[in-house]
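Working notes for the structure below.
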Amino acid sequence: MAPDRTTDPFSPEAATARSVPSQGSKGARLRLIAMGLTIVACLCVGFLLTISVVGQLRQSRDQKVAFDDFRYDLANGTAPVAQVSLEGVQAPLGATMGVMSIPSIGLRQVVFNGTTAGVMVSGPGLRRDSYLPGQAGTSIIYGRRAAFGGPFGSIDTLAPGAAIVVTTGQGDAGYVVVAVRRAGDPIPPPAKIGRLTLITADGSPYAPSGLLIVDADLDTEPQPADPPLPRAAMEAAELPLAGDNSAWIGVLLWAQAALVVAVLVTLAWVRWNRWEAWVIGVPIMLAVGIALSAHVALLMPNLM
């Protein structure tokens, strides 16, 4: 009697059946791939939201809080008048140093101490090795071009003669724009009294390729000045187009959190109802993605 080929494990039909994956296994793999792509998409959306919409909201909130605090300090005579106090204490990174207004482009921004990417999430930063605006000497202020509200996104439209006013603990300092330049352009003659230099990124908004510089000369009486910090005291993260490597710790911690959430959401998606996993998982992934992206953004150029 001939063997039943449908039950013979060594028959060609059985071998073919073993070599062809079931439709169920194909579907499971496709679902896992789709879930993985969704998780990656959530992280990417979180990053874009962090440097654009969420970043702008955060910057606006930080500006309002800092502006109110600075008004209080001005009223009480406690606003800083130098990078280093009379007691020899350096102003901390992120301390409020003044308020800058450029009426021709509708800009009013609180200026903070330091130019790291973390400081400039909240607004423009004063280089710690430059003078406070209004003093005899050069004051250098960095500002982002696009991310986190992009406060310096329009300074390339400034024309010679445009007015800039910076309010510090020493009063109002007026400046007049003398040049808007990029790499290779001639440098204007040295200022007679004091100069304000605004620096932001040049090139595409989120892909900086150089520096855009605005020079303005002091047009009011200079204020008393103490020497700023020496160049050697500057950190690498405070230089133009530099990122902040100290953010790696936060990136690694939040990346681990994102991995754990991704695994849990995937398991829930496989074991439970698919729509329940979507409803619960996507908001969590977006929240973790935004938190992770906030630290990743600090690794990006500080002028972006």
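We label chains A, B, ... in the order they appear in the structure tokens, count residues from 1 in each chain, and number ligands from 1 in the order shown.
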#### Entry: Expected answer as a count of residues only: alpha helix (DSSP H) residues in region 56-200 of chain A
21
Which residues of region 69-125 of chain A come within 10 Å of region 171-183 of chain A, and what is each one's closest atom pair and distance in Å (one decimal), counting only C-alpha atoms, sorted by chain and residue number, as a Markdown table?
```
| residue | atom | partner | partner_atom | distance |
| --- | --- | --- | --- | --- |
| A:Leu74 | CA | A:Gly171 | CA | 9.1 |
| A:Val81 | CA | A:Gly171 | CA | 9.5 |
| A:Gly98 | CA | A:Gly171 | CA | 9.5 |
| A:Val99 | CA | A:Asp172 | CA | 9.4 |
| A:Met100 | CA | A:Ala173 | CA | 9.4 |
| A:Ser101 | CA | A:Gly174 | CA | 9.8 |
| A:Ile102 | CA | A:Tyr175 | CA | 9.8 |
```
### Task
Could you check which of A:Ile164, A:Trp278, A:Ala258, A:Ser130 is closest to Val40 (chain A), using only C-alpha atoms?
A:Ala258
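Summary of the local environment: counting only C-alpha atoms, residues at most 6 Å from Arg195 (chain A), other than itself and those fewer than 6 positions away along its chain, are A:Thr138, A:Ala216, A:Asp217, A:Leu218.
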### Query
Between A:Leu49, A:Cys42, A:Leu126, A:Ala95, which has the minimum distance to Leu239 (chain A) (counting only C-alpha atoms)?
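Ranked by minimum distance to Leu239 (chain A), first place goes to A:Leu126.
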### Task
Find the distance between CA of Ala207 (chain A) and CA of Met304 (chain A) and write it in Å to one decimal.
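Computing the Euclidean distance for CA of Ala207 (chain A) and CA of Met304 (chain A) yields 7.3 Å.
One distance worth recording is that between CA of Val165 (chain A) and CA of Leu107 (chain A), which is 10.4 Å.
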### Task
List the neighbours of Tyr131 (chain A) out to 10 Å using only C-alpha atoms; skip same-chain residues closer than 3 positions along the sequence, and give me the result as a PyMOL selection string.
chain A and resi 81-83+126-128+134-140+194-196+225-229
Those residues you just picked out, can you put them in a file as a CSV table (one decimal), in the first residue's frame with N, CA and C atoms?
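To be explicit, this is the file written out as out.csv:
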```
chain,number,residue,atom,x,y,z
A,81,VAL,N,25.3,94.9,36.3
A,81,VAL,CA,25.9,95.9,35.5
A,81,VAL,C,27.3,95.5,35.0
A,82,ALA,N,27.6,94.2,35.1
A,82,ALA,CA,28.9,93.6,34.7
A,82,ALA,C,28.8,92.1,34.7
A,83,GLN,N,29.7,91.5,34.0
A,83,GLN,CA,29.8,90.0,34.0
A,83,GLN,C,30.2,89.5,35.3
A,126,LEU,N,24.4,86.8,25.6
A,126,LEU,CA,25.6,87.7,25.6
A,126,LEU,C,26.9,86.9,25.8
A,127,ARG,N,27.8,87.0,24.9
A,127,ARG,CA,29.1,86.3,25.1
A,127,ARG,C,29.8,86.8,26.4
A,128,ARG,N,30.2,85.8,27.2
A,128,ARG,CA,30.8,86.2,28.5
A,128,ARG,C,32.1,86.9,28.4
A,134,GLY,N,26.2,99.0,26.1
A,134,GLY,CA,26.2,100.4,26.6
A,134,GLY,C,27.6,100.8,27.2
A,135,GLN,N,28.5,99.8,27.3
A,135,GLN,CA,29.8,100.1,27.9
A,135,GLN,C,30.8,100.3,26.7
A,136,ALA,N,31.9,101.0,27.0
A,136,ALA,CA,32.9,101.2,26.0
A,136,ALA,C,33.6,99.9,25.7
A,137,GLY,N,33.6,99.4,24.5
A,137,GLY,CA,34.1,98.1,24.1
A,137,GLY,C,33.1,97.4,23.2
A,138,THR,N,33.4,96.2,22.9
A,138,THR,CA,32.5,95.4,22.0
A,138,THR,C,31.6,94.4,22.8
A,139,SER,N,30.3,94.5,22.5
A,139,SER,CA,29.4,93.6,23.1
A,139,SER,C,28.9,92.7,22.0
A,140,ILE,N,28.9,91.4,22.3
A,140,ILE,CA,28.6,90.4,21.3
A,140,ILE,C,27.3,89.6,21.8
A,194,GLY,N,32.0,102.3,21.3
A,194,GLY,CA,31.6,101.0,21.6
A,194,GLY,C,30.8,100.4,20.4
A,195,ARG,N,30.8,99.1,20.4
A,195,ARG,CA,30.1,98.4,19.3
A,195,ARG,C,29.3,97.2,19.8
A,196,LEU,N,28.2,97.0,19.1
A,196,LEU,CA,27.3,95.9,19.4
A,196,LEU,C,27.3,95.0,18.2
A,225,ALA,N,32.8,100.5,32.9
A,225,ALA,CA,32.9,99.1,32.5
A,225,ALA,C,34.0,98.5,33.3
A,226,ASP,N,33.8,97.2,33.7
A,226,ASP,CA,34.8,96.4,34.2
A,226,ASP,C,35.2,95.4,33.2
A,227,PRO,N,36.4,94.9,33.2
A,227,PRO,CA,36.8,93.9,32.2
A,227,PRO,C,36.0,92.7,32.2
A,228,PRO,N,35.6,92.2,31.0
A,228,PRO,CA,34.8,90.9,30.9
A,228,PRO,C,35.7,89.7,31.2
A,229,LEU,N,35.1,88.6,31.1
A,229,LEU,CA,35.8,87.3,31.4
A,229,LEU,C,36.9,87.2,30.2
```
## Note on the structure
Across A:Ala146, A:Pro186, A:Gly250, A:Leu57, the smallest distance to Gly203 (chain A), with only C-alpha atoms counted, is shown by A:Ala146
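With distances restricted to only C-alpha atoms, A:Gln109 is the closest residue to Val166 (chain A) from A:Gln90, A:Thr200, A:Ser154, A:Gln109.
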